[in-house]
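The structure under discussion appears below in the form of structure tokens.
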Amino acid sequence: MTLPEPYRLAAFVLGALAFVGLNAAYLVWVERKGAARFQRRPGPTEVGPEGLLQPIADAIKLLSKQVIVPPGADALLFRLAPAVVMAPALMTFAVLPFGAHLTARPMSVGLLLAVAFGSINVMAILLGGWASRNKYAIISAARVVSQNVAYEIPLLLVVITLLMITGTLDLSEIVRQQAGGFWRWNVFKLWVNPLMPVTFVIFFICLLAETNRAPFDMAEAESELVAGAFTEYAGMGFGVFFMAEYANIVVGCALATALFLGGWQSPFGIGSGVGWFLLKLYLLIFTVVWIRWTFPRTQFYGLLNLSWKILIPISLGTLGLTSVLLKFIRP
Amino acid sequence: MSTSAALADAARAAARAEGRETFVLNLGPQHPATHGVLRLKLTMDGEYIARAEPVCGYIHRMHEKMGENRTWAQFLPNTSRIDYLSAMHYTHAYVAAVERAAQLEVPRRAEFVRVITSELNRISSHLVWFGAFLLDLGGFTPLLYAFDDREKILDLLERITGARLTYCYYRFGGLYNDVDAEFLRGARDFVRYLRPRLDMYRELVTENIIFRKRLEGIGVADAELCRRYGATGPVLRGAGVAYDVRRAEPYAVYPELDFKIPTHPRGDSLARYLVRMEEMEQSLRIIEQALDLIPEGPFRSKVPKVLKLPPGDTCFAVEAARGRFMVRIVSDGRDIPYRVKLRTPSFSNLSLFEEASRGMLLADALAFLGSLDLVIPDIDR
Amino acid sequence: MKTPLRELWTGFRSLLTGMRVTLTQFFKPPVTVPYPYATLPIPERYRGHIELVRDPETGMSLCVACKSCEKACPSGCIVVEGIKREGDKKKSPTVFTVDFTRCSLCGSCVEVCPTEALRFSRRYNLAGTDREAYFLDLLKRLQAQAASTPTPATKA
Ligand code: SF4
Ligand code: SF4
């Protein structure tokens with residue numbers, strides 16, 4: 001089933017916007033409720049049943065607030081940053097394979113596109129932090145750049161490892177290769193590389209670091225840098241950064257699902273569909289929330305050490321191991 | 001102005017001589033990491049601190065001066081507001097100083113109750129610190145767990161004192177009112193309740209690799225530094241010195257109780273953390289023993305209605321949650337103090353920050369600051 | 001080679017342990033009380049602002065307007081005036097106000113009162129939008145209480 005191009009585009013724009021909007025709004029709710037449960041509290045309960053309307057109330061509040069551009073700030077860059085942070089996240093949705101036929105634009109270089117757009121995020125935080133003309137924001141911006149540079153490397157090494165196994169950059173194709181039961185998922189392909197689960201963990205850690213999530217939330221680091229790069233943002237400017245954070249988490253977790261956990265494939269080999277994709281996606285997101293509310297923040301150089309001294313050597317190791325094994329085991 | 005500005009200028013000049021630019025980062029008086037109105041004027045070289053100058057006085061309430069224009073008894077409510085997290089200890093020191101000067105007897109039961117409530121207060125104070133410290137490090141959840149535990153202590157103390165924070169429970173020659181069996185039972189239950197929780201904190205926090213990596217070797221304050229600045233309490237014990245007022249200048253019924261003074265030799269933030277965590281366990285032991293030994297009897301001895309102290313100069317120190325708290329009272333024979341001097345531990349503990357934080361990264365310095373466990377009203381008083 | 005790997009593993013395991021701890025808490029019920037839909041019992045000895053105690057027989061205040069509390073108060077927030085009414089053996093208060101904005105809830109006044117005419121109320125949810133709400137007239141409060149819960153004497 002292929003729609004003619006204009007309809008397809010419209011469907012994508014609407015679908016992606018709705019999905020991102022809904023996810024961003026309700027992931028905030030999930031985050032708050034989840035945090036509350038981890039901390040033995042009830043969380044939001046006032047607006048709507050179980051606080052379900054809370055995101056809407058928050059959105060109204062943020063929208064009705066004045067967007068203040070601090071004096072001395074670079075007004076253009078300051079306003080541009082929220083747009084720059086949101087756009088790439090939306091673009092990436094174009095290549096995410098939600099189901100066997102549910103991809104906005106199946107592309108042979110889908111994975112490449114996702115990784116490329118994923119790195120723009122840091123630009124936006126840098127812009128926002130720089131343009132704010134706030135000392136805390138600038139410290140935060142500088143941190144974010146070095147953090148993202150450091151974590152891009154192990155992330156890409158892991159992706160290359162995976163590419164060697166799958167032999168394609170097309171996300172739908174990668175998922176299709178993992179059909180037929182959970183033992184055929186890339187995480188469990190132990191015969192290709194016994195270190196596959198480790199690779200997945202590295203990917204997941206890099207994902208947390210790339211999306212600036214706790215325990216790697218150097219950008220925000222509210223107990224040190226007040227609110228880091230977002231200190232000067234008020235109203236919807238802040239709201240967009242906030243939404244982008246969740247959109248990026250969705251993208252990251254969706255990639256992890258597609259690359260390692262068999263995407264829409266069911267773990268038992270039968271009954272595959274979008275449902276499985278979403279289930280896996282939200283389980284991963286739950287883990288992200290769970291991690292945030294368990295650990296303290298890492299120290300900045302600890303984070304860089306982790307990347308350069310641990311993750312990069314290990315991912316290089318798995319890369320080497322995979323290539324050797326592929327060379328000798330494959331007929 | 002002169003010396004501090006001169007030092008800041010010197011730090012900037014030194015940096016500039018090496019070809020580095022510095023800037024001033026104003027941390028506080030409203031900043032999430034300072035837990036109160038402490039202001040730090042940081043001269044920063046990138047993310048490194050060239051010089052950190054604490055600016056205090058934002059919550060100065062002239063407690064000492066207030067002491068000079070009210071009667072001995074009227075100063076009591078002030079004592080629980082100097083360091084609101086260890087109100088019991090502070091009241092204890094003041095009350096005991098007056099008792100020493102006026103040579104008042106304190107019934108044994110009262111002494112035991114003082115020990116039990118003081119130790120409960122120490123635990124609740126350490127729990128607040130534990131939570132707030134983790135918050136400084138970016139971990140939110142332990143704070144809520146700690147507050148849940150602390151709530152149990154507050155409920156217990158509220159039962160007998162009627163207040164949850166500013167207890168004002170001790171009186172010259174005894175207590176405000178007696179404890180009941182329900183409280184004693186509750187205290188025993190609490191001891192039983194907290195032990196597994198402390199184990200949980202060990203699993204969740206103490207052994208956590210991220211946590212340890214953030215604290216190990218950060219903010220070393222060795223015994224020599226502590227001695228020069230007069231730092232006491234867990235800061236000093238974290239530098240390996242087993243100094244505890246409860247042992248060094250025994251008071252109340254502490255000599256009869258068996259407890260250890262936890263020390264860790266390394267002097268870093270982790271050492272201070274471990275000392276406090278072990279102190280909570282020791283406090284539980286003290287409470288347990290005191291509950292076994294507490295006798296029946298009066299809770300307050302006879303005290304003249306209008307208390308006049310003989311002329312003289314008296315000191316009394318206690319081990320508060322943050323270190324040695326000492327009250328010095330000077331009487332000229334009237335019913336009003338001539339002078340009330342308060343020696344508060346946070347002030348000394350803060351003063352070493354300036355020297356020890358030089359060259360640290362901002363995030364490390366804030367972890368260090370958190371590990372000192374400062375209560376800002378205690379600094380400014 | 002071996003030690004770093006072991007360190008890595010223990011570090012990773014400590015993270016998993018932490019996650020186990022929070023997950024077990026996740027499935028336990030909340031410990032909070034959903035105030036204002038539910039409230040905690042206020043303990044007997046709760047120290048709210050002070051109030052006058054009624055004489056169970058006459059329903060009047062036990063206060064003899066001796067002004068001890070006024071003198072004992074460290075914050076000087078009590079004002080008592082009293083007169084000796086015709087036929088009464090003791091004085092009785094005509095003015096009894098507390099400036100609650102300055103009260104430190106120390107209890108000195110309750111302690112010194114020779115006739116035990118003062119006690120702590122158990123009012124805890126004090127919130128107001130103006131200062132005047134905290135200048136409490138205790139005599140009025142006593143009358144209001146008498147009106148709502150009559151003692152045997154006033155009923156007769
Ligand atoms: S409680 Fe203390 S401060 Fe309040 S009115 Fe009584 S004596 Fe004054
Ligand atoms: S001390 Fe008691 S009797 Fe005297 S004025 Fe105060 S309330 Fe009345």
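Naming scheme: A, B, ... for chains in displayed order of the structure tokens; residues 1 onward per chain; ligands 1 onward as shown.
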Practice item. Select the residues contacting ligand 1 at a distance of at most 9 Å, based on only C-alpha atoms and all ligand atoms, then format the selection as a ChimeraX atom specification. Key: /B:74,77 /C:47-50,69-78,98-100,102-112,118,120
Please produce a file of those selected residues containing C-alpha atoms, as a compact mmCIF listing (two decimals), in the first residue's frame.
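Output file result37.txt is given in full below:
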```txt
# COMPACT_ATOMS: atom_id res chain seq x y z
CA GLN B 74 13.26 33.65 77.81
CA PRO B 77 13.11 29.44 72.40
CA ARG C 47 1.50 23.39 70.33
CA GLY C 48 -0.77 25.58 68.33
CA HIS C 49 -1.38 29.17 69.32
CA ILE C 50 -2.43 29.64 72.92
CA CYS C 69 2.27 35.43 81.13
CA GLU C 70 2.66 38.90 79.72
CA LYS C 71 5.92 39.25 81.60
CA ALA C 72 7.19 35.77 80.83
CA CYS C 73 6.63 35.96 77.11
CA PRO C 74 10.00 36.38 75.40
CA SER C 75 8.44 38.03 72.39
CA GLY C 76 6.14 40.36 74.27
CA CYS C 77 3.13 39.32 72.29
CA ILE C 78 0.55 38.94 75.05
CA VAL C 98 -1.98 37.56 71.40
CA ASP C 99 0.05 38.86 68.52
CA PHE C 100 0.56 35.52 66.80
CA ARG C 102 5.51 37.25 66.89
CA CYS C 103 4.73 34.21 69.00
CA SER C 104 7.42 31.54 68.97
CA LEU C 105 5.17 28.88 70.49
CA CYS C 106 7.64 28.43 73.29
CA GLY C 107 5.13 27.71 76.00
CA SER C 108 6.55 30.05 78.62
CA CYS C 109 3.16 31.63 79.13
CA VAL C 110 1.44 28.30 79.62
CA GLU C 111 4.08 27.26 82.10
CA VAL C 112 4.01 30.33 84.32
CA LEU C 118 -3.78 28.97 79.31
CA PHE C 120 -2.20 25.35 73.50
```
Review point. Can you list, as an NGL selection string, every residue of stretch 113-191 of chain A that DSSP puts in alpha helix (DSSP H)?
Key: :A and (113-118 or 120-132 or 135-166 or 171-177)
Check your understanding: Can you tell me, as an MDAnalysis selection string, what residues are no more than 8 Å from B:Glu105 when counting only C-alpha atoms, ignoring any on the same chain fewer than 3 positions away?
Key -> chainID B and resid 99 173 301
Write the selection just made, keeping N, CA, C and O atoms, as a PDB file, in the first residue's frame?
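result08.pdb written:
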```pdb
ATOM      1  N   GLU B  99      22.403  25.240  84.045  1.00  0.00           N
ATOM      2  CA  GLU B  99      22.372  24.319  85.185  1.00  0.00           C
ATOM      3  C   GLU B  99      23.731  24.260  85.872  1.00  0.00           C
ATOM      4  O   GLU B  99      23.825  24.209  87.093  1.00  0.00           O
ATOM      5  N   GLY B 173      16.890  22.235  84.792  1.00  0.00           N
ATOM      6  CA  GLY B 173      16.582  21.218  85.793  1.00  0.00           C
ATOM      7  C   GLY B 173      15.709  20.095  85.276  1.00  0.00           C
ATOM      8  O   GLY B 173      15.152  19.340  86.068  1.00  0.00           O
ATOM      9  N   SER B 301      13.559  18.983  88.338  1.00  0.00           N
ATOM     10  CA  SER B 301      13.805  19.317  89.737  1.00  0.00           C
ATOM     11  C   SER B 301      13.265  20.717  90.015  1.00  0.00           C
ATOM     12  O   SER B 301      12.880  21.442  89.118  1.00  0.00           O
TER      13      SER B 301
END
```
Exercise for review: Residues of chain C no more than 12 Å from chain A, counting only C-alpha atoms: send them over as number ranges by chain.
Suggested key: C: 4-5, 7-9, 11-12, 14-37
Could you tell me, counting only C-alpha atoms and all ligand atoms, which protein and nucleic acid residues lie no more than 9 Å from ligand 2, written as a compact mmCIF listing (two decimals) with C-alpha atoms, in the first residue's frame?
```txt
# COMPACT_ATOMS: atom_id res chain seq x y z
CA GLU C 51 -6.02 29.87 74.07
CA LEU C 52 -7.85 30.43 77.32
CA VAL C 53 -9.17 27.55 79.35
CA SER C 61 -12.02 32.02 81.91
CA LEU C 62 -9.80 30.80 84.70
CA CYS C 63 -7.56 33.78 84.17
CA VAL C 64 -7.05 36.13 87.11
CA ALA C 65 -5.31 38.79 85.03
CA CYS C 66 -2.11 38.53 87.03
CA LYS C 67 -0.04 39.39 83.94
CA SER C 68 2.56 36.70 84.66
CA CYS C 69 2.27 35.43 81.13
CA GLU C 70 2.66 38.90 79.72
CA LYS C 71 5.92 39.25 81.60
CA ALA C 72 7.19 35.77 80.83
CA ILE C 78 0.55 38.94 75.05
CA VAL C 79 -1.52 41.86 76.30
CA VAL C 80 -3.72 41.29 79.36
CA GLU C 81 -5.84 43.84 81.12
CA GLY C 82 -8.15 42.96 83.96
CA SER C 92 -10.95 38.80 85.53
CA PRO C 93 -9.54 39.78 82.16
CA PHE C 96 -6.54 39.29 76.30
CA CYS C 109 3.16 31.63 79.13
CA VAL C 110 1.44 28.30 79.62
CA GLU C 111 4.08 27.26 82.10
CA VAL C 112 4.01 30.33 84.32
CA CYS C 113 0.25 30.73 84.61
CA PRO C 114 -0.65 30.19 88.28
CA THR C 115 -4.23 29.16 87.56
CA GLU C 116 -3.59 27.04 84.49
CA ALA C 117 -5.78 29.35 82.52
CA LEU C 118 -3.78 28.97 79.31
CA ARG C 119 -3.27 26.04 77.04
```
Review point. Within 8 Å of B:Ala252, counting only C-alpha atoms, which residues qualify if same-chain residues fewer than 5 places away don't, as number ranges by chain?
Key: B: 111-112, 114-115
Practice item. Would you list the contacts of A:Asn305 as a PyMOL selection string, taking every protein, DNA or RNA residue within 12 Å and counting only C-alpha atoms, but skipping same-chain residues closer than 5 positions in sequence? Key: (chain A and resi 146-147+150-151+298-300+310-313) or (chain B and resi 213)
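Between atom CA of A:Thr318 and atom CA of A:Thr199 the interatomic distance comes to 7.3 Å.
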Point to revise | Picked from stretch 62-112 of chain C by DSSP as strand (DSSP E or B), as a list of chain:residue names | key: C:Ile78, C:Val79, C:Val80, C:Glu81, C:Gly82, C:Ile83, C:Ser92, C:Pro93, C:Thr94, C:Val95, C:Phe96, C:Thr97, C:Val98, C:Asp99
Residues as selected, N, CA and C atoms, written as a short mmCIF file (atom, residue, chain, number, x, y, z; two decimals), in the first residue's frame, can you do that?
```cif
data_model
loop_
_atom_site.label_atom_id
_atom_site.label_comp_id
_atom_site.auth_asym_id
_atom_site.auth_seq_id
_atom_site.Cartn_x
_atom_site.Cartn_y
_atom_site.Cartn_z
N ILE C 78 1.81 39.05 74.33
CA ILE C 78 0.55 38.94 75.05
C ILE C 78 0.21 40.30 75.68
N VAL C 79 -1.05 40.67 75.57
CA VAL C 79 -1.52 41.86 76.30
C VAL C 79 -2.71 41.44 77.15
N VAL C 80 -2.61 41.64 78.47
CA VAL C 80 -3.72 41.29 79.36
C VAL C 80 -4.10 42.53 80.16
N GLU C 81 -5.35 42.82 80.20
CA GLU C 81 -5.84 43.84 81.12
C GLU C 81 -6.96 43.20 81.92
N GLY C 82 -7.08 43.56 83.18
CA GLY C 82 -8.15 42.96 83.96
C GLY C 82 -8.70 43.93 84.98
N ILE C 83 -9.90 43.68 85.41
CA ILE C 83 -10.49 44.49 86.47
C ILE C 83 -11.11 43.54 87.49
N SER C 92 -10.73 39.57 86.76
CA SER C 92 -10.95 38.80 85.53
C SER C 92 -10.51 39.65 84.34
N PRO C 93 -10.12 39.03 83.28
CA PRO C 93 -9.54 39.78 82.16
C PRO C 93 -10.61 40.52 81.37
N THR C 94 -10.25 41.72 80.93
CA THR C 94 -11.14 42.45 80.02
C THR C 94 -10.54 42.47 78.62
N VAL C 95 -9.22 42.42 78.58
CA VAL C 95 -8.53 42.36 77.28
C VAL C 95 -7.56 41.19 77.36
N PHE C 96 -7.55 40.34 76.36
CA PHE C 96 -6.54 39.29 76.30
C PHE C 96 -6.24 39.03 74.84
N THR C 97 -5.17 39.65 74.36
CA THR C 97 -4.84 39.46 72.95
C THR C 97 -3.44 38.87 72.80
N VAL C 98 -3.28 38.14 71.74
CA VAL C 98 -1.98 37.56 71.40
C VAL C 98 -1.64 38.00 70.00
N ASP C 99 -0.43 38.53 69.85
CA ASP C 99 0.05 38.86 68.52
C ASP C 99 0.76 37.62 67.98
#
```
Point to revise | Atomic distance atom CA of A:Leu111 - atom CA of A:Val95, expressed in Å with one decimal | key: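 A separation of 7.8 Å between them.
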Do you have, as a tab-separated table, the list of residues of chain B lying at most 9 Å from chain C, each with its nearest atom pair and that distance in Å to one decimal, counting only C-alpha atoms and ordered by chain then number?
```
residue	atom	partner	partner_atom	distance
B:Arg70	CA	C:Pro74	CA	6.8
B:Thr71	CA	C:Pro74	CA	8.1
B:Ala73	CA	C:Ser108	CA	8.2
B:Gln74	CA	C:Pro74	CA	4.9
B:Phe75	CA	C:Pro74	CA	7.2
B:Leu76	CA	C:Cys106	CA	8.0
B:Pro77	CA	C:Cys106	CA	5.6
B:Asn78	CA	C:Ser104	CA	8.8
B:Thr141	CA	C:Thr22	CA	8.3
B:Asp148	CA	C:Val31	CA	7.5
B:Asp155	CA	C:Pro43	CA	8.8
B:Glu158	CA	C:Tyr46	CA	6.9
B:Arg159	CA	C:Pro43	CA	5.7
B:Ile160	CA	C:Arg45	CA	6.6
B:Thr161	CA	C:Arg45	CA	6.7
B:Gly162	CA	C:Tyr46	CA	3.9
B:Ala163	CA	C:Arg47	CA	6.2
B:Thr166	CA	C:Cys106	CA	8.7
B:Tyr167	CA	C:Cys106	CA	8.3
B:Cys168	CA	C:Cys106	CA	6.5
B:Tyr169	CA	C:Cys106	CA	8.9
B:Tyr176	CA	C:Glu111	CA	8.7
B:Met200	CA	C:Val21	CA	7.3
B:Glu203	CA	C:Gly18	CA	6.2
B:Leu204	CA	C:Gly18	CA	4.4
B:Val205	CA	C:Gly18	CA	7.3
B:Glu207	CA	C:Ser14	CA	6.2
B:Asn208	CA	C:Ser14	CA	5.2
B:Ile209	CA	C:Gly11	CA	5.1
B:Ile210	CA	C:Leu15	CA	8.1
B:Lys305	CA	C:Val112	CA	8.7
```
Let me see the file: selected residues, C-alpha atoms, as a compact mmCIF listing (two decimals), in the first residue's frame.
```
# COMPACT_ATOMS: atom_id res chain seq x y z
CA ARG B 70 15.79 38.77 78.00
CA THR B 71 15.77 36.57 81.06
CA ALA B 73 14.41 31.36 80.58
CA GLN B 74 13.26 33.65 77.81
CA PHE B 75 16.30 32.81 75.72
CA LEU B 76 15.23 29.16 75.55
CA PRO B 77 13.11 29.44 72.40
CA ASN B 78 16.06 30.97 70.56
CA THR B 141 14.86 9.46 45.26
CA ASP B 148 9.87 9.24 55.10
CA ASP B 155 5.96 12.15 64.78
CA GLU B 158 5.84 15.80 68.24
CA ARG B 159 4.01 13.38 70.48
CA ILE B 160 6.03 14.41 73.50
CA THR B 161 7.08 17.96 72.73
CA GLY B 162 4.18 19.26 70.67
CA ALA B 163 6.44 20.56 67.92
CA THR B 166 11.71 23.81 67.15
CA TYR B 167 11.14 21.58 70.11
CA CYS B 168 12.19 23.79 73.01
CA TYR B 169 11.72 20.74 75.16
CA TYR B 176 9.08 20.51 79.76
CA MET B 200 18.81 -0.26 51.98
CA GLU B 203 22.74 -0.81 48.70
CA LEU B 204 21.13 2.10 46.95
CA VAL B 205 23.69 4.80 47.63
CA GLU B 207 27.88 1.09 47.23
CA ASN B 208 26.79 2.82 44.08
CA ILE B 209 29.72 3.23 41.74
CA ILE B 210 28.63 6.62 40.42
CA LYS B 305 10.73 31.02 89.73
```
Between chain B and chain A, at 6 Å or less, what are the per-residue closest atom pairs and their distances in Å? Count only C-alpha atoms, order by chain and rising residue number, and return it as JSON lines.
```
{"residue": "B:Pro32", "atom": "CA", "partner": "A:Ser223", "partner_atom": "CA", "distance": 5.2}
{"residue": "B:Ala33", "atom": "CA", "partner": "A:Ser223", "partner_atom": "CA", "distance": 5.1}
{"residue": "B:Asp136", "atom": "CA", "partner": "A:Ser223", "partner_atom": "CA", "distance": 5.3}
{"residue": "B:Leu137", "atom": "CA", "partner": "A:Pro296", "partner_atom": "CA", "distance": 5.5}
{"residue": "B:Gly138", "atom": "CA", "partner": "A:Pro296", "partner_atom": "CA", "distance": 4.6}
{"residue": "B:Gly139", "atom": "CA", "partner": "A:Pro296", "partner_atom": "CA", "distance": 3.8}
{"residue": "B:Thr141", "atom": "CA", "partner": "A:Gln39", "partner_atom": "CA", "distance": 5.5}
{"residue": "B:Leu144", "atom": "CA", "partner": "A:Gln39", "partner_atom": "CA", "distance": 5.8}
{"residue": "B:Ile210", "atom": "CA", "partner": "A:Thr298", "partner_atom": "CA", "distance": 5.8}
{"residue": "B:Arg214", "atom": "CA", "partner": "A:Gln299", "partner_atom": "CA", "distance": 5.8}
```
Check your understanding: Excluding same-chain residues fewer than 4 positions from B:Pro310, what lies within 7 Å of it counting only C-alpha atoms, as a list in words?
Key ->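 Everything that qualifies: Ala102, Ser331 and Gly333 of chain B.
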Check your understanding: Expressed in Å to a single decimal, how great is the separation between atom CA of B:Arg51 and atom CA of B:Ala356?
Key ->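 Computed distance, atom CA of B:Arg51 to atom CA of B:Ala356, equals 9.8 Å.
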